[in-house]
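See structure below.
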Amino acid sequence: MAHDAALDAGHALHPETTTGIDNRKLAIWTFIGSECMFFASLIATYLVYKGKSLSGPTPAEMLQIPLVTFGTALLLFSSLFVVLALNGAQRGNRRQLIIWLGMTLVCGAFFVGMQVYEFQHFVHEGLTLKTNLFGASFYLLTGFHGTHVTIGVLWLATVFVTALRGKLPPERAMNLEIAALYWHFVDVVWIVIFPVVYLMKD
Amino acid sequence: MATTAVGHAPTGYAPHGHAPKTGLWSWITTVDHKRIGILYGATAFLFFLIGGLEALLVRIQLMRPDNTFLSPETYNQMFTMHGTTMIFLAVMPLSATFFNFFIPILIGARDVAFPRLNAFSYWVFLLGGLFLMASIPLGLMPDQGWFGYANLTSNQYSPGLNVEFWNLGLQILGISSLAAAVNFFTTVINMRAPGMKMLRMPIFVWMSFITQVLLLLSFPVITVALIMLMFDRLFGTHFFVPASGGDPLMWQHLFWIFGHPEVYILILPSFGIISEILPVFSRKPLFGYAAMVFSGIFIAFLGFGVWSHHMFATGMGPIADTFFALGTMLIAIPTGVKIFNWIGTMAGGSLQFKTPLYFAIGFVAMFIIGGLSGVMHAVAPHDLQQTDTYFVVAHFHYVLFGGSIFALTAGAYYWWPKMFGRMLDEGLGKVHFWLMLVSFNLTFFPMHLVGLLGMPRRTYTYPAGLGFEIYNQMETIGALLLGLSQLIFLYNMIKTWRKPADAPADPWNGATLEWAIPSPPQEWNFNEIPVVHSRDPLWEAKRERGGPLPEPAKVSGAGIHLPNPSFWPLMAAIGVTAIFTALLLIEKFHAVGIIVAVAFFLFSVFKWAFEPAG
Amino acid sequence: MAHASVTPGEMSSLAHDEHTHPGPGLYVKIGLALFVLTALEVGVYEVAFEHPGNALGTALRSVFVPVILLLSACKFALVAMYYMHLKQDGKLLSGVFIFGLILAALIIVGLMLLMAYHHAFARLH
């Protein structure tokens, strides 16, 4: 119960809301609901145009499972790490917070690095945005996902810096919780993209 | 019980600085939902007049067969800008005026959940509108229709920057709407006064809430479509280029998956306004409150399943046609429920024939006509005759002007005293109404007939001898008179402005919370957050008292916490606009321009995030 | 910010936190489950496509899409329910997410059906 009290402490500072949920938390979930439609449109376009390219490289020829599996693992573990960081923040365990948030950032940065490497490799192999419908829809979908990851890394890095400065006590843990929710969403989108684009490249 | 006029600082003000702020800087940094509402209203009304001018130019061109008043190219630009302006820069922000001013008050709150984000939404809207308008002096007005069908919008057929103004302008405006939708969704769910259960909220709040859900779910789809078009035009992809396997039909699907919910976004707030006005001016509670709520929810839900009724002529096949035709017919049912409930509200009521009621009744009548022509469109084979003719133009103007504009005007007359402390002139209001009603019907009713005779849409002229002339002449005369009616409204506003701001808190014997606070309200809305026990809290209070309530006291506001004003929402909005301007000018500034703009945007966001919200 | 009395919002907020927050141990277990599920996904893919002629591979190929979608749905649910805390949070947040998800899924399926028919139709004419 004592540790719950520390976790509960965060709520006292915020103004009372009708549902008891912090406004920012409700807002980020609302935004996530909206983003589902954004990625749905990109995924739908990818699937509609799959197999319809008139020429140029196909998914089967280009997509490399091993590299992307590694990236997928990175992103999944980063979700674990950010949850551990949040747990640390809520308990006032600064060391746990900083180590695991740092690890999250490392994973996130590596994922972005992997995507950049993959894109560069594909361009070298002859697949650009302009090459065919596969190129266009693939780069748009994974590129926008990668952009979301980058924004997530920036956001978490900002929270990381406030944590380093000692400005993330348990009462302010919500700041990390919201960033983490966004991060998990970005991970969850990849959980869909990985099988739909890569494993089903046929 | 003397009320202090706006602008006077009463004695005994707290050192927190709750004196009404004046001056340009106070408006630039405002985070007060009421001021933001007024900013939306003034800006939107100005855009509405511009959109009206564009329509008048169209109508003058169509007054005679084989007319040469406008060239075909200019004509295309006029109807494109008219549609785009009216939908995105007039009707939506006019609704936002009332969302902003009244949602917090109607639910018993002091402000929205995120006041700075609210200000950001306004500034992005203003800058997005200016971005679009910038095309006018540059002679680069968009000319591809407000729905921008591919592959007319491809580089091959639209080589200039015209499409970019439209595409990038809409993306900017989308950001404004999305931010506002997150804000109002959170506000309605999370900031209701004690006792204000969801099923006690005013219908205007319900309809606006549903509108936010529609915005959240539909805007991302058009954003993706616009991004794909942008990539086609700027970065060489072929999403909509047939020669490379792209499919223009994909544009239509993505556009209308947004576009159909969009029309409900345009009308639901108006449904809400009418549902507020009719009970007050019938001295009778709204008939069938729950049915009104659930029909609104049903309409929104179904609205995502009917989009291809805009595409019956594209050869989707009989199964798709049937599915969408049935869905469209089905959606008439909850709409009909609302109409019967409005009529049921008035029936047996003690009708107070003031200007808001005139416009509200006008709304019901015009919307019925618009709805009927809509149901005719639902019948797919019949639509093949009607589509792309003036019959469609008649339909959507009846629901959008006869519907939304009549309702928004009703809302303006109804809520003007609360917003500005002055009553709009009743005499002028009635002249405005009758002129608007008659000229509106003169303009748009003949379009049903000339459309069925075969006059096509979006065509800059027509030959003589087809029998179109008489209808077009009536429509043009009607349009000019319609413009005159707006000038009368404008005159009413100006004349009213000169009066002292001494309107009572409750001039109409209202039922809802906004009439419990001064006209105009003090910055913090309520001296004490109310506790709500019913759907019509003010009628309940007056019943308990046995008579009208006394004028609410004005207090100093000491001890009431208000959010700090801020400069950063405007800066962030400039950042957003800068990013899209860099994209517009990508040929000149390449990636550097975008990077600089993004950096400025991020800088503004960081400053915003780290300043105390207060 | 001292309050003279507890408002309804505060009360529900305090009541809400009487539940126990999961400890790190559970999170690590979920992480391992996610890893295993991913390995399974890739494993199914490998057997189905990288080793043709194998009887198991042929069988998996015929049910490939449903199996892969099921595995990824499990991962999705684990992250949403445990990492994103939906299991403990109120129904509202789940509702907001699930509504968007369902609509998203319907749009994807709808578009695929409509465009597939359109392509087939166009080819015939």
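Please note that chains go A, B, ... in the order of the structure tokens, that every chain numbers its residues from 1, and that ligands are numbered from 1 in the order shown.
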
I'd like a table as a Markdown table: residues in chain B with an atom no more than 10 Å from chain C, each row giving the shortest atom pair and its distance in Å to one decimal, only C-alpha atoms counted, sorted by chain and rising residue number.
| residue | atom | partner | partner_atom | distance |
| --- | --- | --- | --- | --- |
| B:Ile189 | CA | C:Leu92 | CA | 9.6 |
| B:Asn190 | CA | C:Gly9 | CA | 9.0 |
| B:Met191 | CA | C:Gly9 | CA | 9.3 |
| B:Arg192 | CA | C:Gly9 | CA | 9.8 |
| B:Ala193 | CA | C:Gly9 | CA | 9.6 |
| B:Pro194 | CA | C:Pro8 | CA | 7.0 |
| B:Gly195 | CA | C:Pro8 | CA | 9.3 |
| B:Val213 | CA | C:Val96 | CA | 9.7 |
| B:Leu216 | CA | C:Gly100 | CA | 9.1 |
| B:Leu217 | CA | C:Gly100 | CA | 7.0 |
| B:Val221 | CA | C:Ile107 | CA | 9.9 |
| B:Asp247 | CA | C:Met115 | CA | 9.2 |
| B:Leu249 | CA | C:Met115 | CA | 8.3 |
| B:Met250 | CA | C:Met115 | CA | 7.7 |
| B:His253 | CA | C:Leu111 | CA | 7.6 |
| B:Leu254 | CA | C:Leu111 | CA | 8.7 |
| B:Ile257 | CA | C:Ile107 | CA | 8.4 |
| B:Phe301 | CA | C:Leu103 | CA | 9.5 |
| B:Phe304 | CA | C:Leu103 | CA | 8.4 |
| B:Gly305 | CA | C:Ile107 | CA | 9.1 |
| B:Ser308 | CA | C:Leu114 | CA | 9.8 |
| B:Thr314 | CA | C:His118 | CA | 9.4 |
| B:Gly315 | CA | C:His118 | CA | 7.7 |
| B:Met316 | CA | C:His118 | CA | 5.9 |
| B:Gly317 | CA | C:His118 | CA | 7.7 |
| B:Ile319 | CA | C:Leu114 | CA | 9.7 |
| B:Ala320 | CA | C:Leu114 | CA | 7.3 |

Distance query Arg24 of chain A at most 10 Å, only C-alpha atoms, self and fewer than 2 positions along chain excluded, as a list in words: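 Result of the neighbour search: Ile21, Asp22, Leu26, Ala27, Ile28, Trp29, Thr30, Met174, Asn175, Glu177 and Ile178 of chain A; Ala113, Phe114, Val182, Asn183 and Thr186 of chain B.
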
For chain C, work out the contacting residues on chain A at 6 Å, counting only C-alpha atoms, and write them as a compact mmCIF listing (two decimals) with N, CA, C and O atoms, in the first residue's frame.
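Contents of the output file part.txt:
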# COMPACT_ATOMS: atom_id res chain seq x y z
N GLU A 16 -9.29 18.27 -10.55
CA GLU A 16 -10.21 17.15 -10.59
C GLU A 16 -10.90 17.08 -11.95
O GLU A 16 -11.26 18.10 -12.53
N THR A 17 -11.08 15.90 -12.47
CA THR A 17 -11.75 15.71 -13.75
C THR A 17 -12.97 14.83 -13.52
O THR A 17 -13.02 14.08 -12.56
N THR A 18 -13.93 14.93 -14.42
CA THR A 18 -15.18 14.20 -14.25
C THR A 18 -14.95 12.69 -14.15
O THR A 18 -15.60 12.00 -13.37
N GLY A 20 -11.96 11.23 -13.48
CA GLY A 20 -10.81 10.87 -12.66
C GLY A 20 -9.56 10.64 -13.48
O GLY A 20 -8.47 10.47 -12.94
N GLY A 33 -6.45 7.17 -31.02
CA GLY A 33 -7.60 6.69 -31.76
C GLY A 33 -7.65 7.29 -33.15
O GLY A 33 -7.93 6.62 -34.14
N CYS A 36 -5.03 5.83 -35.48
CA CYS A 36 -5.40 4.52 -36.05
C CYS A 36 -5.92 4.71 -37.46
O CYS A 36 -5.61 3.92 -38.36
N MET A 37 -6.71 5.75 -37.68
CA MET A 37 -7.27 5.99 -39.01
C MET A 37 -6.19 6.47 -39.97
O MET A 37 -6.24 6.17 -41.17
N ALA A 40 -4.34 3.38 -40.85
CA ALA A 40 -5.24 2.51 -41.61
C ALA A 40 -5.26 2.93 -43.08
O ALA A 40 -5.23 2.08 -43.98
N ALA A 44 -4.07 0.53 -45.93
CA ALA A 44 -5.04 0.18 -46.96
C ALA A 44 -4.46 0.47 -48.34
O ALA A 44 -4.58 -0.34 -49.27
N VAL A 48 -3.96 -2.25 -51.18
CA VAL A 48 -4.69 -2.11 -52.45
C VAL A 48 -3.72 -2.15 -53.63
O VAL A 48 -3.99 -2.76 -54.66
N LEU A 80 9.05 -2.51 -23.34
CA LEU A 80 9.28 -3.05 -22.00
C LEU A 80 10.10 -2.07 -21.18
O LEU A 80 9.77 -1.76 -20.03
N LEU A 181 2.82 6.22 -23.57
CA LEU A 181 1.64 5.75 -24.30
C LEU A 181 1.82 5.98 -25.79
O LEU A 181 1.52 5.11 -26.61
N VAL A 188 2.96 -0.55 -31.44
CA VAL A 188 1.81 -1.35 -31.84
C VAL A 188 1.56 -1.23 -33.34
O VAL A 188 1.19 -2.20 -34.01

Distance criterion (only C-alpha atoms): nearest to chain A out of B:Phe606, B:Tyr398, B:Phe165, B:Trp524: B:Phe606

Pick out each residue of segment 113-153 of chain A that DSSP on the backbone tags as alpha helix (DSSP H); I need them as a compact mmCIF listing (two decimals) with all heavy atoms, in the first residue's frame.
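Just written: part-v2.txt:
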# COMPACT_ATOMS: atom_id res chain seq x y z
N GLY A 113 17.79 4.02 -36.94
CA GLY A 113 19.01 3.75 -37.71
C GLY A 113 18.82 2.58 -38.66
O GLY A 113 19.24 2.62 -39.83
N MET A 114 18.15 1.55 -38.16
CA MET A 114 17.89 0.38 -39.01
C MET A 114 17.03 0.75 -40.21
O MET A 114 17.29 0.33 -41.33
CB MET A 114 17.20 -0.72 -38.17
CG MET A 114 16.83 -1.93 -38.99
SD MET A 114 15.24 -2.65 -38.51
CE MET A 114 14.07 -1.52 -39.18
N GLN A 115 16.02 1.57 -39.95
CA GLN A 115 15.14 1.99 -41.05
C GLN A 115 15.92 2.79 -42.09
O GLN A 115 15.77 2.57 -43.29
CB GLN A 115 14.00 2.88 -40.53
CG GLN A 115 12.84 2.13 -39.95
CD GLN A 115 11.93 1.54 -41.01
OE1 GLN A 115 12.40 1.13 -42.08
NE2 GLN A 115 10.66 1.47 -40.73
N VAL A 116 16.73 3.70 -41.61
CA VAL A 116 17.52 4.53 -42.53
C VAL A 116 18.44 3.64 -43.36
O VAL A 116 18.55 3.78 -44.58
CB VAL A 116 18.33 5.59 -41.75
CG1 VAL A 116 19.33 6.27 -42.65
CG2 VAL A 116 17.39 6.61 -41.13
N TYR A 117 19.08 2.68 -42.69
CA TYR A 117 19.96 1.75 -43.39
C TYR A 117 19.18 0.98 -44.44
O TYR A 117 19.62 0.83 -45.58
CB TYR A 117 20.62 0.80 -42.39
CG TYR A 117 21.37 -0.31 -43.08
CD1 TYR A 117 22.62 -0.09 -43.65
CD2 TYR A 117 20.81 -1.60 -43.21
CE1 TYR A 117 23.29 -1.08 -44.33
CE2 TYR A 117 21.48 -2.60 -43.88
CZ TYR A 117 22.73 -2.34 -44.44
OH TYR A 117 23.38 -3.33 -45.11
N GLU A 118 18.00 0.48 -44.03
CA GLU A 118 17.18 -0.30 -44.95
C GLU A 118 16.81 0.54 -46.18
O GLU A 118 16.93 0.08 -47.33
CB GLU A 118 15.90 -0.77 -44.23
CG GLU A 118 15.07 -1.75 -45.05
CD GLU A 118 13.66 -1.91 -44.48
OE1 GLU A 118 13.12 -0.96 -43.88
OE2 GLU A 118 13.08 -3.01 -44.67
N PHE A 119 16.38 1.77 -45.93
CA PHE A 119 15.98 2.64 -47.04
C PHE A 119 17.17 2.88 -47.98
O PHE A 119 17.05 2.79 -49.20
CB PHE A 119 15.46 4.00 -46.52
CG PHE A 119 14.06 3.96 -45.95
CD1 PHE A 119 13.39 2.76 -45.71
CD2 PHE A 119 13.41 5.13 -45.64
CE1 PHE A 119 12.12 2.74 -45.17
CE2 PHE A 119 12.11 5.12 -45.11
CZ PHE A 119 11.48 3.93 -44.87
N GLN A 120 18.31 3.18 -47.38
CA GLN A 120 19.49 3.45 -48.22
C GLN A 120 19.82 2.24 -49.07
O GLN A 120 20.15 2.34 -50.25
CB GLN A 120 20.69 3.77 -47.33
CG GLN A 120 20.77 5.22 -46.93
CD GLN A 120 22.05 5.51 -46.20
OE1 GLN A 120 22.58 4.67 -45.47
NE2 GLN A 120 22.56 6.71 -46.38
N HIS A 121 19.74 1.06 -48.45
CA HIS A 121 20.05 -0.18 -49.14
C HIS A 121 19.09 -0.38 -50.32
O HIS A 121 19.51 -0.73 -51.43
CB HIS A 121 19.94 -1.34 -48.16
CG HIS A 121 20.22 -2.68 -48.77
ND1 HIS A 121 21.47 -3.07 -49.18
CD2 HIS A 121 19.39 -3.70 -49.06
CE1 HIS A 121 21.39 -4.28 -49.70
NE2 HIS A 121 20.14 -4.69 -49.63
N PHE A 122 17.80 -0.14 -50.07
CA PHE A 122 16.81 -0.32 -51.13
C PHE A 122 17.04 0.64 -52.28
O PHE A 122 16.92 0.27 -53.45
CB PHE A 122 15.39 -0.11 -50.58
CG PHE A 122 14.89 -1.25 -49.74
CD1 PHE A 122 13.66 -1.15 -49.11
CD2 PHE A 122 15.63 -2.41 -49.56
CE1 PHE A 122 13.18 -2.20 -48.32
CE2 PHE A 122 15.16 -3.45 -48.78
CZ PHE A 122 13.93 -3.34 -48.16
N VAL A 123 17.36 1.89 -51.94
CA VAL A 123 17.61 2.88 -52.99
C VAL A 123 18.78 2.42 -53.84
O VAL A 123 18.76 2.47 -55.07
CB VAL A 123 17.88 4.27 -52.38
CG1 VAL A 123 18.41 5.22 -53.44
CG2 VAL A 123 16.62 4.83 -51.76
N HIS A 124 19.79 1.92 -53.17
CA HIS A 124 20.97 1.41 -53.86
C HIS A 124 20.60 0.26 -54.78
O HIS A 124 21.16 0.10 -55.87
CB HIS A 124 21.99 0.95 -52.81
CG HIS A 124 23.30 0.56 -53.39
ND1 HIS A 124 24.16 1.47 -53.96
CD2 HIS A 124 23.91 -0.65 -53.49
CE1 HIS A 124 25.24 0.83 -54.39
NE2 HIS A 124 25.11 -0.45 -54.11
N GLU A 125 19.63 -0.57 -54.33
CA GLU A 125 19.22 -1.72 -55.11
C GLU A 125 18.20 -1.37 -56.19
O GLU A 125 17.75 -2.26 -56.91
CB GLU A 125 18.58 -2.79 -54.19
CG GLU A 125 19.54 -3.36 -53.17
CD GLU A 125 20.54 -4.30 -53.80
OE1 GLU A 125 20.11 -5.27 -54.46
OE2 GLU A 125 21.76 -4.06 -53.66
N LEU A 133 4.63 1.45 -57.71
CA LEU A 133 3.64 1.60 -56.64
C LEU A 133 4.14 0.98 -55.34
O LEU A 133 3.86 1.49 -54.25
CB LEU A 133 2.31 0.95 -57.04
CG LEU A 133 1.52 1.69 -58.12
CD1 LEU A 133 0.28 0.90 -58.51
CD2 LEU A 133 1.12 3.07 -57.66
N PHE A 134 4.89 -0.10 -55.43
CA PHE A 134 5.44 -0.72 -54.23
C PHE A 134 6.37 0.27 -53.53
O PHE A 134 6.25 0.50 -52.32
CB PHE A 134 6.16 -2.02 -54.58
CG PHE A 134 7.03 -2.56 -53.45
CD1 PHE A 134 6.50 -2.77 -52.20
CD2 PHE A 134 8.37 -2.84 -53.67
CE1 PHE A 134 7.29 -3.26 -51.16
CE2 PHE A 134 9.16 -3.33 -52.63
CZ PHE A 134 8.63 -3.54 -51.38
N GLY A 135 7.26 0.86 -54.30
CA GLY A 135 8.18 1.83 -53.71
C GLY A 135 7.43 2.97 -53.05
O GLY A 135 7.68 3.34 -51.89
N ALA A 136 6.47 3.52 -53.76
CA ALA A 136 5.72 4.66 -53.22
C ALA A 136 5.00 4.29 -51.94
O ALA A 136 5.14 4.97 -50.91
CB ALA A 136 4.74 5.16 -54.27
N SER A 137 4.20 3.22 -51.99
CA SER A 137 3.37 2.89 -50.82
C SER A 137 4.22 2.36 -49.68
O SER A 137 3.92 2.60 -48.51
CB SER A 137 2.27 1.90 -51.21
OG SER A 137 2.82 0.74 -51.81
N PHE A 138 5.31 1.63 -49.99
CA PHE A 138 6.17 1.11 -48.93
C PHE A 138 6.87 2.25 -48.19
O PHE A 138 6.84 2.32 -46.96
CB PHE A 138 7.21 0.16 -49.53
CG PHE A 138 8.28 -0.24 -48.55
CD1 PHE A 138 8.03 -1.20 -47.59
CD2 PHE A 138 9.53 0.38 -48.57
CE1 PHE A 138 9.01 -1.55 -46.66
CE2 PHE A 138 10.51 0.04 -47.65
CZ PHE A 138 10.25 -0.94 -46.70
N TYR A 139 7.50 3.13 -48.95
CA TYR A 139 8.24 4.22 -48.30
C TYR A 139 7.30 5.14 -47.55
O TYR A 139 7.65 5.67 -46.49
CB TYR A 139 9.03 5.03 -49.33
CG TYR A 139 10.30 4.37 -49.79
CD1 TYR A 139 10.49 4.02 -51.11
CD2 TYR A 139 11.33 4.10 -48.89
CE1 TYR A 139 11.65 3.41 -51.54
CE2 TYR A 139 12.50 3.49 -49.30
CZ TYR A 139 12.66 3.15 -50.63
OH TYR A 139 13.82 2.56 -51.06
N LEU A 140 6.09 5.36 -48.10
CA LEU A 140 5.16 6.26 -47.42
C LEU A 140 4.76 5.66 -46.08
O LEU A 140 4.80 6.32 -45.04
CB LEU A 140 3.94 6.51 -48.29
CG LEU A 140 3.20 7.81 -47.98
CD1 LEU A 140 4.03 9.00 -48.41
CD2 LEU A 140 1.84 7.84 -48.66
N LEU A 141 4.39 4.38 -46.09
CA LEU A 141 3.92 3.73 -44.86
C LEU A 141 5.05 3.63 -43.83
O LEU A 141 4.92 4.10 -42.70
CB LEU A 141 3.37 2.34 -45.18
CG LEU A 141 3.00 1.44 -44.01
CD1 LEU A 141 1.96 2.10 -43.12
CD2 LEU A 141 2.47 0.09 -44.52
N THR A 142 6.16 3.01 -44.24
CA THR A 142 7.24 2.82 -43.27
C THR A 142 7.93 4.15 -42.95
O THR A 142 8.42 4.34 -41.84
CB THR A 142 8.27 1.80 -43.77
OG1 THR A 142 8.71 2.20 -45.06
CG2 THR A 142 7.65 0.42 -43.85
N GLY A 143 7.95 5.05 -43.92
CA GLY A 143 8.56 6.36 -43.67
C GLY A 143 7.78 7.15 -42.64
O GLY A 143 8.35 7.76 -41.74
N PHE A 144 6.46 7.16 -42.76
CA PHE A 144 5.67 7.88 -41.77
C PHE A 144 5.73 7.20 -40.41
O PHE A 144 5.73 7.86 -39.37
CB PHE A 144 4.22 8.05 -42.22
CG PHE A 144 4.00 9.36 -42.91
CD1 PHE A 144 4.01 9.43 -44.31
CD2 PHE A 144 3.84 10.53 -42.19
CE1 PHE A 144 3.86 10.65 -44.94
CE2 PHE A 144 3.70 11.75 -42.82
CZ PHE A 144 3.70 11.81 -44.21
N HIS A 145 5.82 5.86 -40.43
CA HIS A 145 5.99 5.20 -39.14
C HIS A 145 7.32 5.62 -38.53
O HIS A 145 7.39 5.97 -37.34
CB HIS A 145 5.93 3.68 -39.31
CG HIS A 145 6.21 2.97 -38.03
ND1 HIS A 145 7.44 2.42 -37.73
CD2 HIS A 145 5.44 2.78 -36.93
CE1 HIS A 145 7.41 1.90 -36.51
NE2 HIS A 145 6.21 2.11 -36.01
N GLY A 146 8.36 5.61 -39.36
CA GLY A 146 9.68 6.02 -38.88
C GLY A 146 9.69 7.45 -38.36
O GLY A 146 10.35 7.77 -37.36
N THR A 147 8.93 8.31 -39.03
CA THR A 147 8.83 9.70 -38.55
C THR A 147 8.19 9.73 -37.18
O THR A 147 8.62 10.47 -36.29
CB THR A 147 7.99 10.54 -39.53
OG1 THR A 147 8.49 10.36 -40.84
CG2 THR A 147 8.01 12.01 -39.15
N HIS A 148 7.14 8.92 -37.00
CA HIS A 148 6.50 8.87 -35.69
C HIS A 148 7.47 8.36 -34.63
O HIS A 148 7.46 8.83 -33.49
CB HIS A 148 5.26 7.97 -35.74
CG HIS A 148 4.06 8.65 -36.29
ND1 HIS A 148 3.88 8.90 -37.63
CD2 HIS A 148 2.96 9.16 -35.66
CE1 HIS A 148 2.72 9.54 -37.80
NE2 HIS A 148 2.15 9.70 -36.63
N VAL A 149 8.30 7.37 -35.02
CA VAL A 149 9.30 6.86 -34.06
C VAL A 149 10.28 7.97 -33.70
O VAL A 149 10.61 8.17 -32.52
CB VAL A 149 10.06 5.66 -34.64
CG1 VAL A 149 11.16 5.20 -33.68
CG2 VAL A 149 9.12 4.51 -34.93
N THR A 150 10.71 8.72 -34.70
CA THR A 150 11.67 9.79 -34.45
C THR A 150 11.09 10.83 -33.50
O THR A 150 11.77 11.29 -32.57
CB THR A 150 12.06 10.46 -35.78
OG1 THR A 150 12.46 9.45 -36.69
CG2 THR A 150 13.18 11.46 -35.58
N ILE A 151 9.83 11.20 -33.75
CA ILE A 151 9.18 12.16 -32.86
C ILE A 151 9.12 11.58 -31.45
O ILE A 151 9.35 12.28 -30.45
CB ILE A 151 7.76 12.50 -33.37
CG1 ILE A 151 7.88 13.30 -34.66
CG2 ILE A 151 6.97 13.28 -32.32
CD1 ILE A 151 6.55 13.52 -35.37
N GLY A 152 8.84 10.28 -31.36
CA GLY A 152 8.80 9.62 -30.06
C GLY A 152 10.15 9.68 -29.36
O GLY A 152 10.23 9.93 -28.15
N VAL A 153 11.21 9.44 -30.13
CA VAL A 153 12.56 9.49 -29.54
C VAL A 153 12.84 10.90 -29.01
O VAL A 153 13.34 11.07 -27.90
CB VAL A 153 13.62 9.07 -30.58
CG1 VAL A 153 15.02 9.37 -30.09
CG2 VAL A 153 13.49 7.58 -30.89

Residue nearest Leu97 of chain A among A:Ile32, A:Val68, A:Leu74, A:Leu164 (counting only C-alpha atoms):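 That would be A:Leu164, the residue with the smallest distance to Leu97 of chain A.
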
Nearest residue to chain B from the set A:Trp155, A:Phe160, A:Phe81, A:Trp100 (distances using only C-alpha atoms): A:Trp155

Shell of 6 Å around segment 424-435 of chain B, only C-alpha atoms, local chain residues under 2 positions omitted, as a list of chain:residue names: B:Thr355, B:Leu437, B:Val438, B:Ser439, B:Ser485, B:Thr496

Residues just named, written with N, CA and C atoms as a PDB file, in the first residue's frame:
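Below you can see selection10.pdb, which holds the result:
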ATOM      1  N   THR B 355     -36.515  36.701 -33.656  1.00  0.00           N
ATOM      2  CA  THR B 355     -35.671  36.353 -34.803  1.00  0.00           C
ATOM      3  C   THR B 355     -35.054  34.960 -34.724  1.00  0.00           C
ATOM      4  N   LEU B 437     -34.744  34.219 -46.678  1.00  0.00           N
ATOM      5  CA  LEU B 437     -35.544  33.038 -47.005  1.00  0.00           C
ATOM      6  C   LEU B 437     -36.011  33.072 -48.455  1.00  0.00           C
ATOM      7  N   VAL B 438     -36.557  34.236 -48.841  1.00  0.00           N
ATOM      8  CA  VAL B 438     -37.104  34.348 -50.198  1.00  0.00           C
ATOM      9  C   VAL B 438     -35.985  34.256 -51.234  1.00  0.00           C
ATOM     10  N   SER B 439     -34.917  35.015 -51.013  1.00  0.00           N
ATOM     11  CA  SER B 439     -33.849  35.027 -52.019  1.00  0.00           C
ATOM     12  C   SER B 439     -33.127  33.690 -52.066  1.00  0.00           C
ATOM     13  N   SER B 485     -29.045  40.398 -48.282  1.00  0.00           N
ATOM     14  CA  SER B 485     -29.511  40.015 -46.944  1.00  0.00           C
ATOM     15  C   SER B 485     -28.328  39.909 -45.978  1.00  0.00           C
ATOM     16  N   THR B 496     -25.720  47.430 -33.792  1.00  0.00           N
ATOM     17  CA  THR B 496     -25.813  46.910 -32.428  1.00  0.00           C
ATOM     18  C   THR B 496     -24.558  47.233 -31.639  1.00  0.00           C
TER      19      THR B 496
END

Proximity to chain A - best of B:Tyr289, B:Phe440, B:Tyr413, B:Phe235, only C-alpha atoms: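 Comparing B:Tyr289, B:Phe440, B:Tyr413, B:Phe235 against chain A, the winner is B:Phe235.
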
Proximity to Leu42 of chain A - best of A:Met200, A:Ile193, A:Val112, A:Leu67, only C-alpha atoms: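 Closest candidate: A:Ile193.
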
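For the pair atom CA of Leu584 of chain B and atom CA of Thr131 of chain A, the interatomic distance is 23.6 Å.
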
Spatial neighbours of His260 of chain B, 8 Å, only C-alpha atoms, chain gap at least 6 places, as a ChimeraX atom specification: /B:303-304,306-307

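For the pair atom CA of Met419 of chain B and atom CA of Ser519 of chain B, the interatomic distance is 6.6 Å.
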
Atom CA of Thr43 of chain B to atom CA of His395 of chain B, straight-line distance in Å: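 Separation of atom CA of His395 of chain B and atom CA of Thr43 of chain B: 27.0 Å.
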
Nearest to Gly71 of chain A, chosen from A:Thr162, A:Lys201, A:Ala109, A:Lys50, with only C-alpha atoms counted in the distances: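 Of the candidates, the smallest distance to Gly71 of chain A is held by A:Ala109.
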
Contacts of segment 120-122 of chain B at 7 Å (only C-alpha atoms; same-chain gap of 2+ positions) as a ChimeraX atom specification: /B:36,40,116-118,124-126,176-177,179-180,569-570,573
